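Participant: Coordinates in upload.cif, mmCIF, C-alpha atoms, are listed below.
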```cif
data_run
#
loop_
_atom_site.label_atom_id
_atom_site.label_comp_id
_atom_site.auth_asym_id
_atom_site.auth_seq_id
_atom_site.Cartn_x
_atom_site.Cartn_y
_atom_site.Cartn_z
CA MET A 745 52.14 17.27 -125.69
CA GLY A 746 48.45 17.91 -124.98
CA ALA A 747 45.77 19.14 -127.36
CA ASP A 748 45.91 22.58 -125.69
CA LEU A 749 49.51 23.11 -126.69
CA LEU A 750 48.77 21.91 -130.22
CA ASP A 751 45.86 24.40 -130.32
CA ALA A 752 48.18 27.19 -129.18
CA THR A 753 50.90 26.21 -131.68
CA PHE A 754 48.58 26.11 -134.71
CA ALA A 755 46.83 29.34 -133.59
CA ALA A 756 50.23 31.05 -133.23
CA LEU A 757 51.19 29.93 -136.75
CA SER A 758 47.96 31.24 -138.31
CA ASP A 759 49.34 34.79 -138.61
CA PRO A 760 51.86 35.85 -141.32
CA THR A 761 53.65 38.35 -139.04
CA ARG A 762 54.14 35.69 -136.36
CA ARG A 763 55.45 33.22 -138.96
CA ALA A 764 57.84 35.92 -140.24
CA ILE A 765 59.04 36.58 -136.66
CA LEU A 766 59.81 32.87 -136.24
CA ALA A 767 61.65 32.85 -139.59
CA ARG A 768 63.72 35.85 -138.41
CA LEU A 769 64.49 34.18 -135.06
CA ALA A 770 65.61 31.02 -136.86
CA VAL A 771 68.65 33.11 -137.93
CA GLY A 772 69.42 34.20 -134.36
CA GLU A 773 67.99 36.00 -131.34
CA ALA A 774 66.61 39.54 -131.73
CA THR A 775 65.11 42.35 -129.66
CA VAL A 776 61.55 43.68 -130.12
CA THR A 777 62.97 46.77 -131.90
CA GLU A 778 64.94 44.56 -134.29
CA LEU A 779 61.92 42.35 -134.89
CA ALA A 780 59.59 45.31 -135.51
CA ALA A 781 61.95 46.98 -138.05
CA PRO A 782 60.93 45.07 -141.22
CA PHE A 783 57.20 45.25 -140.49
CA GLU A 784 54.73 48.06 -141.07
CA VAL A 785 53.31 47.56 -137.60
CA THR A 786 53.88 49.33 -134.31
CA GLN A 787 56.17 47.96 -131.61
CA PRO A 788 53.16 47.30 -129.29
CA ALA A 789 51.60 45.22 -132.08
CA ILE A 790 54.82 43.20 -132.33
CA SER A 791 54.86 42.82 -128.53
CA LYS A 792 51.34 41.40 -128.72
CA HIS A 793 52.46 38.86 -131.33
CA LEU A 794 55.46 37.96 -129.16
CA LYS A 795 53.12 37.27 -126.21
CA VAL A 796 51.12 34.85 -128.38
CA LEU A 797 54.34 33.12 -129.47
CA GLU A 798 55.64 33.01 -125.90
CA ARG A 799 52.38 31.49 -124.57
CA ALA A 800 52.65 28.82 -127.28
CA GLY A 801 56.21 28.10 -126.11
CA LEU A 802 57.60 29.06 -129.52
CA ILE A 803 59.90 31.78 -128.19
CA SER A 804 61.62 32.60 -124.93
CA ARG A 805 62.67 36.05 -123.74
CA GLY A 806 66.06 36.90 -122.28
CA ARG A 807 66.36 38.13 -118.68
CA ASP A 808 68.19 41.34 -119.63
CA ALA A 809 65.45 43.83 -118.58
CA GLN A 810 66.53 46.42 -121.18
CA ARG A 811 66.80 44.23 -124.27
CA ARG A 812 64.84 41.08 -123.43
CA PRO A 813 66.06 39.38 -126.62
CA CYS A 814 63.74 36.78 -128.16
CA ARG A 815 64.93 33.31 -129.01
CA LEU A 816 63.26 30.62 -131.12
CA ARG A 817 62.03 27.55 -129.23
CA ALA A 818 61.26 25.19 -132.09
CA GLU A 819 60.25 22.27 -129.86
CA PRO A 820 56.42 22.73 -130.12
CA LEU A 821 56.74 22.64 -133.92
CA ARG A 822 57.73 19.00 -133.55
CA ALA A 823 54.25 17.99 -132.29
CA ALA A 824 52.60 20.08 -135.02
CA THR A 825 54.77 18.39 -137.67
CA ASP A 826 54.00 14.96 -136.18
CA TRP A 827 50.26 15.69 -136.38
CA LEU A 828 50.52 16.78 -140.02
CA GLU A 829 52.79 13.88 -141.00
CA ARG A 830 49.90 11.45 -140.47
CA TYR A 831 48.15 13.10 -143.43
CA ARG A 832 51.14 13.00 -145.77
CA ALA A 833 49.83 9.81 -147.42
CA TYR A 834 46.58 11.62 -148.22
CA TRP A 835 48.04 14.60 -150.01
CA GLU A 836 50.68 12.44 -151.66
CA GLU A 837 47.87 10.19 -152.87
CA SER A 838 45.99 13.24 -154.23
CA TYR A 839 49.14 14.15 -156.13
CA GLN A 840 49.50 10.61 -157.44
CA ARG A 841 45.88 10.71 -158.60
CA LEU A 842 46.59 14.03 -160.32
CA ASP A 843 49.75 12.57 -161.88
CA ALA A 844 47.78 9.53 -163.10
CA LEU A 845 45.15 11.86 -164.59
CA LEU A 846 47.83 13.94 -166.35
CA ASP A 847 49.42 10.74 -167.71
CA GLU A 848 46.04 9.65 -169.08
CA LEU A 849 45.47 13.06 -170.67
CA LYS A 850 48.96 12.95 -172.24
CA ALA A 851 48.33 9.41 -173.53
CA ASP A 852 45.03 10.56 -175.06
CA GLU A 853 46.78 13.54 -176.65
CA LEU A 854 49.49 11.25 -178.05
CA LYS A 855 46.86 8.90 -179.49
CA ALA A 856 45.08 11.88 -181.05
CA ASP A 857 48.40 13.12 -182.52
CA GLU A 858 49.15 9.63 -183.89
CA SER A 859 45.77 9.28 -185.54
CA ASN A 860 46.20 12.79 -186.99
CA ALA A 861 49.64 11.75 -188.28
CA ASP A 862 48.07 8.60 -189.78
CA GLY A 863 45.41 10.77 -191.33
CA SER A 864 47.97 13.13 -192.94
CA LYS A 865 50.00 10.11 -194.17
CA ALA A 866 46.89 8.67 -195.82
CA ASP A 867 46.25 12.11 -197.36
CA GLY A 868 49.85 12.50 -198.62
CA MET B 1066 49.92 28.64 -152.04
CA GLY B 1067 49.61 32.17 -150.60
CA ALA B 1068 50.01 33.31 -147.00
CA ASP B 1069 46.21 33.69 -146.73
CA LEU B 1070 45.64 29.99 -147.33
CA LEU B 1071 48.40 29.10 -144.89
CA ASP B 1072 46.71 31.40 -142.33
CA ALA B 1073 43.38 29.64 -142.93
CA THR B 1074 44.95 26.18 -142.72
CA PHE B 1075 46.76 26.80 -139.43
CA ALA B 1076 43.69 28.58 -137.97
CA ALA B 1077 41.49 25.62 -138.97
CA LEU B 1078 43.92 23.22 -137.28
CA SER B 1079 43.97 25.20 -134.01
CA ASP B 1080 40.79 23.54 -132.73
CA PRO B 1081 40.68 19.97 -131.33
CA THR B 1082 37.17 19.25 -132.69
CA ARG B 1083 38.21 20.31 -136.18
CA ARG B 1084 41.35 18.16 -135.97
CA ALA B 1085 39.18 15.22 -134.81
CA ILE B 1086 36.81 15.80 -137.75
CA LEU B 1087 39.75 15.63 -140.16
CA ALA B 1088 40.99 12.44 -138.47
CA ARG B 1089 37.50 10.92 -138.89
CA LEU B 1090 37.34 11.96 -142.56
CA ALA B 1091 40.75 10.40 -143.18
CA VAL B 1092 38.92 7.05 -142.76
CA GLY B 1093 36.24 7.95 -145.30
CA GLU B 1094 33.50 10.47 -146.11
CA ALA B 1095 30.79 11.20 -143.52
CA THR B 1096 27.61 13.25 -143.10
CA VAL B 1097 27.21 16.05 -140.53
CA THR B 1098 25.09 13.70 -138.37
CA GLU B 1099 27.79 11.03 -138.47
CA LEU B 1100 30.49 13.60 -137.69
CA ALA B 1101 28.52 15.10 -134.78
CA ALA B 1102 27.85 11.69 -133.15
CA PRO B 1103 31.12 11.24 -131.15
CA PHE B 1104 31.21 14.86 -129.92
CA GLU B 1105 29.39 16.51 -127.08
CA VAL B 1106 28.47 19.43 -129.29
CA THR B 1107 25.34 20.34 -131.22
CA GLN B 1108 24.97 19.72 -134.94
CA PRO B 1109 24.95 23.50 -135.65
CA ALA B 1110 28.31 23.75 -133.81
CA ILE B 1111 29.69 20.97 -136.03
CA SER B 1112 28.29 22.75 -139.10
CA LYS B 1113 30.18 25.89 -138.03
CA HIS B 1114 33.43 23.89 -137.75
CA LEU B 1115 32.76 22.35 -141.17
CA LYS B 1116 32.40 25.84 -142.68
CA VAL B 1117 35.83 26.80 -141.27
CA LEU B 1118 37.33 23.60 -142.71
CA GLU B 1119 35.60 24.15 -146.06
CA ARG B 1120 36.85 27.77 -146.31
CA ALA B 1121 40.38 26.49 -145.63
CA GLY B 1122 39.92 23.98 -148.46
CA LEU B 1123 40.40 21.07 -146.05
CA ILE B 1124 37.05 19.42 -146.82
CA SER B 1125 34.60 19.38 -149.69
CA ARG B 1126 30.86 18.72 -149.46
CA GLY B 1127 28.93 16.36 -151.72
CA ARG B 1128 26.16 17.67 -153.97
CA ASP B 1129 23.48 15.36 -152.58
CA ALA B 1130 21.23 18.03 -150.99
CA GLN B 1131 19.97 15.64 -148.28
CA ARG B 1132 23.27 14.15 -147.09
CA ARG B 1133 25.96 16.53 -148.33
CA PRO B 1134 28.71 14.10 -147.24
CA CYS B 1135 32.05 15.65 -146.23
CA ARG B 1136 35.31 14.49 -147.76
CA LEU B 1137 38.88 15.20 -146.65
CA ARG B 1138 40.90 17.44 -148.99
CA ALA B 1139 44.39 16.98 -147.57
CA GLU B 1140 46.11 19.16 -150.18
CA PRO B 1141 46.42 22.36 -148.03
CA LEU B 1142 48.18 20.30 -145.34
CA ARG B 1143 51.05 19.93 -147.79
CA ALA B 1144 51.92 23.66 -147.64
CA ALA B 1145 51.57 23.64 -143.85
CA THR B 1146 53.91 20.62 -143.62
CA ASP B 1147 56.37 22.29 -146.01
CA TRP B 1148 56.41 25.43 -143.83
CA LEU B 1149 57.04 23.38 -140.67
CA GLU B 1150 59.69 21.18 -142.32
CA ARG B 1151 62.03 24.19 -142.56
CA TYR B 1152 62.20 24.17 -138.75
CA ARG B 1153 62.86 20.46 -138.39
CA ALA B 1154 66.62 21.11 -138.08
CA TYR B 1155 65.90 23.41 -135.13
CA TRP B 1156 63.86 21.03 -133.03
CA GLU B 1157 66.07 18.13 -134.00
CA GLU B 1158 69.03 20.23 -132.90
CA SER B 1159 67.28 21.00 -129.59
CA TYR B 1160 66.84 17.24 -129.12
CA GLN B 1161 70.47 16.61 -129.99
CA ARG B 1162 71.49 19.27 -127.46
CA LEU B 1163 69.25 17.59 -124.89
CA ASP B 1164 70.73 14.19 -125.79
CA ALA B 1165 74.26 15.60 -125.46
CA LEU B 1166 73.33 17.05 -122.07
CA LEU B 1167 71.89 13.72 -120.91
CA ASP B 1168 75.04 11.92 -122.11
CA GLU B 1169 77.16 14.37 -120.12
CA LEU B 1170 75.02 13.88 -117.03
CA LYS B 1171 75.24 10.09 -117.43
CA ALA B 1172 79.03 10.31 -117.87
CA ASP B 1173 79.27 12.43 -114.71
CA GLU B 1174 77.11 9.93 -112.84
CA LEU B 1175 79.29 7.07 -114.09
CA LYS B 1176 82.44 8.86 -112.95
CA ALA B 1177 80.85 9.52 -109.56
CA ASP B 1178 79.89 5.83 -109.31
CA GLU B 1179 83.43 4.78 -110.30
CA SER B 1180 85.06 7.02 -107.75
CA ASN B 1181 82.58 5.74 -105.15
CA ALA B 1182 83.51 2.19 -106.17
CA ASP B 1183 87.22 3.08 -105.91
CA GLY B 1184 86.50 4.59 -102.53
CA SER B 1185 84.77 1.44 -101.29
CA LYS B 1186 87.61 -0.69 -102.72
CA ALA B 1187 90.14 1.42 -100.81
CA ASP B 1188 87.97 1.03 -97.75
CA GLY B 1189 87.62 -2.76 -98.19
#
```
Output the structure of this file as C-alpha coordinates.

Facilitator:
Amino acid sequence: MGADLLDATFAALSDPTRRAILARLAVGEATVTELAAPFEVTQPAISKHLKVLERAGLISRGRDAQRRPCRLRAEPLRAATDWLERYRAYWEESYQRLDALLDELKADELKADESNADGSKADG
Amino acid sequence: MGADLLDATFAALSDPTRRAILARLAVGEATVTELAAPFEVTQPAISKHLKVLERAGLISRGRDAQRRPCRLRAEPLRAATDWLERYRAYWEESYQRLDALLDELKADELKADESNADGSKADG
(Lines of atoms letter the chains of each structure in order from A and count residues from 1; the text may use other names and numbers.)
(Lines give C-alpha, C1' and ligand atoms only; values in the text may rest on other atoms or scores of the structure.)
Protein backbone atom coordinates (compact mmCIF):
# COMPACT_ATOMS: atom_id res chain seq x y z
CA MET A 1 0.00 0.00 0.00
CA GLY A 2 1.41 3.39 -1.02
CA ALA A 3 1.92 6.48 1.14
CA ASP A 4 -1.12 8.10 -0.52
CA LEU A 5 -3.46 5.43 0.77
CA LEU A 6 -1.90 5.65 4.23
CA ASP A 7 -2.43 9.44 4.08
CA ALA A 8 -6.08 8.92 3.13
CA THR A 9 -6.60 6.29 5.85
CA PHE A 10 -5.15 8.39 8.67
CA ALA A 11 -6.98 11.53 7.41
CA ALA A 12 -10.26 9.57 7.32
CA LEU A 13 -9.68 8.40 10.92
CA SER A 14 -8.99 11.93 12.20
CA ASP A 15 -12.70 12.71 12.61
CA PRO A 16 -14.83 11.35 15.51
CA THR A 17 -18.00 11.05 13.38
CA ARG A 18 -16.14 9.02 10.75
CA ARG A 19 -14.65 6.76 13.46
CA ALA A 20 -18.16 6.30 14.91
CA ILE A 21 -19.51 5.41 11.45
CA LEU A 22 -16.82 2.73 11.10
CA ALA A 23 -17.65 1.41 14.59
CA ARG A 24 -21.34 1.21 13.58
CA LEU A 25 -20.49 -0.58 10.30
CA ALA A 26 -18.36 -3.10 12.19
CA VAL A 27 -21.71 -4.44 13.50
CA GLY A 28 -23.19 -4.75 10.00
CA GLU A 29 -24.07 -2.79 6.87
CA ALA A 30 -26.28 0.30 7.14
CA THR A 31 -27.93 2.94 4.95
CA VAL A 32 -27.11 6.67 5.11
CA THR A 33 -30.40 7.27 7.00
CA GLU A 34 -29.51 4.59 9.55
CA LEU A 35 -25.99 5.97 9.90
CA ALA A 36 -27.20 9.57 10.33
CA ALA A 37 -29.77 8.68 13.04
CA PRO A 38 -27.49 8.72 16.13
CA PHE A 39 -25.66 11.90 15.10
CA GLU A 40 -26.67 15.52 15.47
CA VAL A 41 -25.63 16.20 11.89
CA THR A 42 -27.56 16.45 8.65
CA GLN A 43 -27.75 13.60 6.15
CA PRO A 44 -25.68 15.61 3.60
CA ALA A 45 -22.97 15.99 6.26
CA ILE A 46 -22.99 12.22 6.78
CA SER A 47 -22.86 11.71 2.99
CA LYS A 48 -19.76 13.91 2.89
CA HIS A 49 -18.11 11.78 5.60
CA LEU A 50 -19.06 8.63 3.67
CA LYS A 51 -17.35 10.01 0.55
CA VAL A 52 -14.14 10.53 2.55
CA LEU A 53 -14.36 6.98 3.91
CA GLU A 54 -15.12 5.58 0.45
CA ARG A 55 -12.15 7.40 -1.14
CA ALA A 56 -9.93 5.92 1.59
CA GLY A 57 -11.29 2.46 0.72
CA LEU A 58 -12.70 2.05 4.23
CA ILE A 59 -16.29 1.49 3.09
CA SER A 60 -18.04 0.27 -0.03
CA ARG A 61 -21.56 1.17 -1.13
CA GLY A 62 -24.16 -1.32 -2.32
CA ARG A 63 -25.51 -1.16 -5.88
CA ASP A 64 -29.15 -0.89 -4.79
CA ALA A 65 -29.82 2.68 -6.07
CA GLN A 66 -32.47 3.35 -3.40
CA ARG A 67 -30.64 2.16 -0.29
CA ARG A 68 -26.97 2.04 -1.28
CA PRO A 69 -26.06 0.32 2.00
CA CYS A 70 -22.56 0.97 3.35
CA ARG A 71 -20.24 -1.84 4.31
CA LEU A 72 -17.00 -1.74 6.28
CA ARG A 73 -13.83 -2.50 4.30
CA ALA A 74 -11.30 -2.93 7.10
CA GLU A 75 -8.40 -3.81 4.80
CA PRO A 76 -6.72 -0.33 4.75
CA LEU A 77 -6.65 -0.38 8.56
CA ARG A 78 -4.13 -3.21 8.28
CA ALA A 79 -1.47 -0.92 6.75
CA ALA A 80 -2.22 1.78 9.32
CA THR A 81 -1.86 -0.77 12.15
CA ASP A 82 1.39 -2.07 10.61
CA TRP A 83 2.78 1.47 10.50
CA LEU A 84 1.88 2.10 14.14
CA GLU A 85 3.14 -1.30 15.32
CA ARG A 86 6.72 -0.23 14.56
CA TYR A 87 6.40 2.34 17.37
CA ARG A 88 4.97 -0.07 19.94
CA ALA A 89 8.43 -0.57 21.48
CA TYR A 90 8.70 3.19 22.01
CA TRP A 91 5.48 3.70 23.91
CA GLU A 92 5.94 0.44 25.77
CA GLU A 93 9.40 1.66 26.76
CA SER A 94 7.90 4.98 27.95
CA TYR A 95 5.52 2.95 30.09
CA GLN A 96 8.36 0.84 31.44
CA ARG A 97 10.27 4.01 32.30
CA LEU A 98 7.16 5.33 34.07
CA ASP A 99 6.77 2.00 35.88
CA ALA A 100 10.43 2.10 36.94
CA LEU A 101 9.95 5.66 38.21
CA LEU A 102 6.83 4.66 40.18
CA ASP A 103 8.72 1.69 41.67
CA GLU A 104 11.52 4.04 42.76
CA LEU A 105 9.03 6.46 44.29
CA LYS A 106 7.30 3.59 46.14
CA ALA A 107 10.67 2.30 47.38
CA ASP A 108 11.54 5.79 48.64
CA GLU A 109 8.17 6.04 50.36
CA LEU A 110 8.69 2.64 51.98
CA LYS A 111 12.15 3.67 53.21
CA ALA A 112 10.66 6.88 54.61
CA ASP A 113 7.89 4.87 56.35
CA GLU A 114 10.49 2.45 57.77
CA SER A 115 12.67 5.21 59.15
CA ASN A 116 9.54 6.85 60.62
CA ALA A 117 8.62 3.49 62.19
CA ASP A 118 12.18 3.21 63.56
CA GLY A 119 11.85 6.72 64.89
CA SER A 120 8.56 5.96 66.69
CA LYS A 121 10.06 2.71 68.09
CA ALA A 122 13.01 4.66 69.49
CA ASP A 123 10.52 7.16 70.96
CA GLY A 124 8.31 4.44 72.51
CA MET B 1 -7.27 9.84 26.05
CA GLY B 2 -10.14 11.90 24.58
CA ALA B 3 -11.46 11.94 21.03
CA ASP B 4 -9.75 15.31 20.44
CA LEU B 5 -6.31 13.83 21.01
CA LEU B 6 -7.14 10.87 18.80
CA ASP B 7 -8.28 13.34 16.11
CA ALA B 8 -4.98 15.23 16.44
CA THR B 9 -2.91 12.03 16.37
CA PHE B 10 -4.55 10.62 13.23
CA ALA B 11 -4.46 14.06 11.52
CA ALA B 12 -0.74 14.38 12.35
CA LEU B 13 -0.10 10.92 10.86
CA SER B 14 -1.94 11.72 7.60
CA ASP B 15 1.13 13.40 6.08
CA PRO B 16 4.13 11.47 4.68
CA THR B 17 6.68 14.12 5.74
CA ARG B 18 5.37 14.06 9.31
CA ARG B 19 5.49 10.25 9.36
CA ALA B 20 9.08 10.40 8.04
CA ILE B 21 10.00 12.91 10.77
CA LEU B 22 8.65 10.52 13.42
CA ALA B 23 10.60 7.64 11.84
CA ARG B 24 13.78 9.78 11.97
CA LEU B 25 13.14 10.73 15.61
CA ALA B 26 12.65 7.07 16.52
CA VAL B 27 16.43 6.77 15.96
CA GLY B 28 17.22 9.68 18.27
CA GLU B 29 16.61 13.40 18.84
CA ALA B 30 17.34 15.88 16.04
CA THR B 31 17.31 19.62 15.36
CA VAL B 32 15.07 21.29 12.76
CA THR B 33 18.09 21.65 10.44
CA GLU B 34 18.89 17.95 10.76
CA LEU B 35 15.24 17.02 10.20
CA ALA B 36 14.92 19.28 7.13
CA ALA B 37 18.08 17.89 5.46
CA PRO B 38 16.62 14.77 3.74
CA PHE B 39 13.46 16.56 2.52
CA GLU B 40 12.94 18.77 -0.47
CA VAL B 41 11.07 21.28 1.65
CA THR B 42 12.07 24.53 3.32
CA GLN B 43 12.95 24.76 7.00
CA PRO B 44 9.80 26.87 7.70
CA ALA B 45 7.71 24.06 6.13
CA ILE B 46 9.40 21.56 8.46
CA SER B 47 8.78 23.90 11.41
CA LYS B 48 5.08 23.94 10.49
CA HIS B 49 5.00 20.11 10.47
CA LEU B 50 6.80 20.08 13.84
CA LYS B 51 4.12 22.38 15.30
CA VAL B 52 1.41 19.92 14.17
CA LEU B 53 3.35 17.03 15.74
CA GLU B 54 3.96 19.02 18.93
CA ARG B 55 0.25 19.94 19.28
CA ALA B 56 -0.59 16.24 18.89
CA GLY B 57 1.88 15.46 21.68
CA LEU B 58 3.97 13.32 19.32
CA ILE B 59 7.20 15.30 19.82
CA SER B 60 8.67 17.53 22.48
CA ARG B 61 11.23 20.30 21.95
CA GLY B 62 14.35 20.79 24.05
CA ARG B 63 14.83 23.99 26.07
CA ASP B 64 18.16 24.89 24.46
CA ALA B 65 17.05 28.11 22.69
CA GLN B 66 19.63 27.69 19.90
CA ARG B 67 19.06 24.03 18.98
CA ARG B 68 15.66 23.15 20.43
CA PRO B 69 16.18 19.46 19.57
CA CYS B 70 13.03 17.42 18.84
CA ARG B 71 12.32 14.16 20.63
CA LEU B 72 9.76 11.48 19.81
CA ARG B 73 6.88 11.15 22.30
CA ALA B 74 5.33 7.87 21.18
CA GLU B 75 2.68 7.80 23.91
CA PRO B 76 -0.27 9.11 21.78
CA LEU B 77 0.40 6.33 19.25
CA ARG B 78 -0.72 3.89 21.92
CA ALA B 79 -4.34 5.17 21.84
CA ALA B 80 -4.29 5.19 18.03
CA THR B 81 -3.02 1.58 18.00
CA ASP B 82 -5.66 0.58 20.58
CA TRP B 83 -8.40 2.09 18.40
CA LEU B 84 -7.16 0.23 15.31
CA GLU B 85 -6.66 -3.06 17.18
CA ARG B 86 -10.44 -3.39 17.60
CA TYR B 87 -10.68 -3.80 13.82
CA ARG B 88 -7.92 -6.39 13.52
CA ALA B 89 -10.50 -9.21 13.51
CA TYR B 90 -12.18 -7.56 10.51
CA TRP B 91 -9.16 -7.29 8.26
CA GLU B 92 -7.87 -10.64 9.41
CA GLU B 93 -11.28 -12.07 8.55
CA SER B 94 -11.12 -10.41 5.11
CA TYR B 95 -7.75 -12.11 4.61
CA GLN B 96 -9.13 -15.43 5.77
CA ARG B 97 -12.02 -15.03 3.33
CA LEU B 98 -9.51 -14.23 0.59
CA ASP B 99 -7.41 -17.25 1.62
CA ALA B 100 -10.51 -19.47 1.58
CA LEU B 101 -11.38 -18.15 -1.89
CA LEU B 102 -7.84 -18.81 -3.15
CA ASP B 103 -7.97 -22.34 -1.70
CA GLU B 104 -11.26 -22.95 -3.51
CA LEU B 105 -9.82 -21.62 -6.77
CA LYS B 106 -6.73 -23.83 -6.34
CA ALA B 107 -8.94 -26.86 -5.59
CA ASP B 108 -10.99 -26.14 -8.72
CA GLU B 109 -7.80 -25.80 -10.76
CA LEU B 110 -6.52 -29.09 -9.33
CA LYS B 111 -9.76 -30.84 -10.21
CA ALA B 112 -9.61 -29.39 -13.72
CA ASP B 113 -5.99 -30.60 -14.04
CA GLU B 114 -6.97 -34.06 -12.77
CA SER B 115 -9.85 -34.40 -15.18
CA ASN B 116 -7.54 -33.19 -17.97
CA ALA B 117 -5.01 -35.82 -16.86
CA ASP B 118 -7.76 -38.46 -16.82
CA GLY B 119 -8.79 -37.28 -20.26
CA SER B 120 -5.26 -37.62 -21.63
CA LYS B 121 -4.93 -41.06 -19.96
CA ALA B 122 -8.15 -42.17 -21.67
CA ASP B 123 -6.79 -40.77 -24.89
CA GLY B 124 -3.39 -42.49 -24.48

Participant: Listing only residues of chain B within 10 Å of chain A, what is the closest atom pair and its distance in Å (to one decimal) for each, using all atoms listed in the file, sorted by chain and residue number ascending, as JSON lines?

Facilitator:
```
{"residue": "B:Ala1068", "atom": "CA", "partner": "A:Pro760", "partner_atom": "CA", "distance": 6.5}
{"residue": "B:Asp1069", "atom": "CA", "partner": "A:Pro760", "partner_atom": "CA", "distance": 8.1}
{"residue": "B:Leu1070", "atom": "CA", "partner": "A:Ser758", "partner_atom": "CA", "distance": 9.4}
{"residue": "B:Leu1071", "atom": "CA", "partner": "A:Ser758", "partner_atom": "CA", "distance": 6.9}
{"residue": "B:Asp1072", "atom": "CA", "partner": "A:Ser758", "partner_atom": "CA", "distance": 4.2}
{"residue": "B:Ala1073", "atom": "CA", "partner": "A:Ser758", "partner_atom": "CA", "distance": 6.7}
{"residue": "B:Thr1074", "atom": "CA", "partner": "A:Ser758", "partner_atom": "CA", "distance": 7.4}
{"residue": "B:Phe1075", "atom": "CA", "partner": "A:Ser758", "partner_atom": "CA", "distance": 4.7}
{"residue": "B:Ala1076", "atom": "CA", "partner": "A:Ser758", "partner_atom": "CA", "distance": 5.0}
{"residue": "B:Ala1077", "atom": "CA", "partner": "A:Phe754", "partner_atom": "CA", "distance": 8.3}
{"residue": "B:Leu1078", "atom": "CA", "partner": "A:Phe754", "partner_atom": "CA", "distance": 6.1}
{"residue": "B:Ser1079", "atom": "CA", "partner": "A:Asp751", "partner_atom": "CA", "distance": 4.2}
{"residue": "B:Asp1080", "atom": "CA", "partner": "A:Asp751", "partner_atom": "CA", "distance": 5.7}
{"residue": "B:Pro1081", "atom": "CA", "partner": "A:Ala747", "partner_atom": "CA", "distance": 6.5}
{"residue": "B:Arg1084", "atom": "CA", "partner": "A:Trp827", "partner_atom": "CA", "distance": 9.3}
{"residue": "B:Leu1087", "atom": "CA", "partner": "A:Tyr831", "partner_atom": "CA", "distance": 9.4}
{"residue": "B:Ala1088", "atom": "CA", "partner": "A:Tyr831", "partner_atom": "CA", "distance": 8.7}
{"residue": "B:Ala1091", "atom": "CA", "partner": "A:Tyr834", "partner_atom": "CA", "distance": 7.8}
{"residue": "B:Leu1137", "atom": "CA", "partner": "A:Tyr834", "partner_atom": "CA", "distance": 8.6}
{"residue": "B:Arg1138", "atom": "CA", "partner": "A:Trp835", "partner_atom": "CA", "distance": 7.8}
{"residue": "B:Ala1139", "atom": "CA", "partner": "A:Trp835", "partner_atom": "CA", "distance": 5.0}
{"residue": "B:Glu1140", "atom": "CA", "partner": "A:Trp835", "partner_atom": "CA", "distance": 5.0}
{"residue": "B:Pro1141", "atom": "CA", "partner": "A:Trp835", "partner_atom": "CA", "distance": 8.2}
{"residue": "B:Leu1142", "atom": "CA", "partner": "A:Leu828", "partner_atom": "CA", "distance": 6.8}
{"residue": "B:Arg1143", "atom": "CA", "partner": "A:Trp835", "partner_atom": "CA", "distance": 6.5}
{"residue": "B:Ala1145", "atom": "CA", "partner": "A:Leu828", "partner_atom": "CA", "distance": 7.9}
{"residue": "B:Thr1146", "atom": "CA", "partner": "A:Leu828", "partner_atom": "CA", "distance": 6.3}
{"residue": "B:Asp1147", "atom": "CA", "partner": "A:Thr825", "partner_atom": "CA", "distance": 9.3}
{"residue": "B:Trp1148", "atom": "CA", "partner": "A:Arg763", "partner_atom": "CA", "distance": 9.2}
{"residue": "B:Leu1149", "atom": "CA", "partner": "A:Thr825", "partner_atom": "CA", "distance": 6.2}
{"residue": "B:Glu1150", "atom": "CA", "partner": "A:Thr825", "partner_atom": "CA", "distance": 7.3}
{"residue": "B:Arg1151", "atom": "CA", "partner": "A:Ala767", "partner_atom": "CA", "distance": 9.2}
{"residue": "B:Tyr1152", "atom": "CA", "partner": "A:Ala818", "partner_atom": "CA", "distance": 6.8}
{"residue": "B:Arg1153", "atom": "CA", "partner": "A:Arg822", "partner_atom": "CA", "distance": 7.2}
{"residue": "B:Ala1154", "atom": "CA", "partner": "A:Ala818", "partner_atom": "CA", "distance": 9.0}
{"residue": "B:Tyr1155", "atom": "CA", "partner": "A:Ala818", "partner_atom": "CA", "distance": 5.8}
{"residue": "B:Trp1156", "atom": "CA", "partner": "A:Glu819", "partner_atom": "CA", "distance": 5.0}
{"residue": "B:Glu1157", "atom": "CA", "partner": "A:Glu819", "partner_atom": "CA", "distance": 8.3}
{"residue": "B:Glu1158", "atom": "CA", "partner": "A:Ala818", "partner_atom": "CA", "distance": 9.3}
{"residue": "B:Ser1159", "atom": "CA", "partner": "A:Glu819", "partner_atom": "CA", "distance": 7.1}
{"residue": "B:Tyr1160", "atom": "CA", "partner": "A:Glu819", "partner_atom": "CA", "distance": 8.3}
```

Participant: Figure out the distance between atom CA of Cys1135 of chain B and atom CA of Glu1099 of chain B, please, to one decimal in Å.

Facilitator: 10.0 Å

Participant: I'd like the box whose edges run along x, y and z of the file and which contains every listed atom of segment 1153-1161 of chain B, padded by 5 Å per side; could you state its centre and edge lengths in Å, one decimal, as lines of an AutoDock Vina configuration file?

Facilitator:
```
center_x = 66.7
center_y = 20.0
center_z = -133.8
size_x = 17.6
size_y = 16.8
size_z = 19.3
```

Participant: At a cut-off of 12 Å, using all atoms listed in the file, what residues contact Ala1110 of chain B? Leave out same-chain residues fewer than 3 positions from it and give the result as a ChimeraX atom specification.

Facilitator: /B:1082-1083,1097-1098,1100-1101,1104-1107,1113-1117

Participant: Using Å and a single decimal, report how far atom CA of Glu1094 of chain B sits from atom CA of Glu848 of chain A.

Facilitator: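 Between atom CA of Glu848 of chain A and atom CA of Glu1094 of chain B the gap works out to 26.2 Å.
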
Participant: One decimal, in Å: what's the spacing between atom CA of Gly746 of chain A and atom CA of Leu1167 of chain B?

Facilitator: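 Separation of atom CA of Gly746 of chain A and atom CA of Leu1167 of chain B: 24.2 Å.
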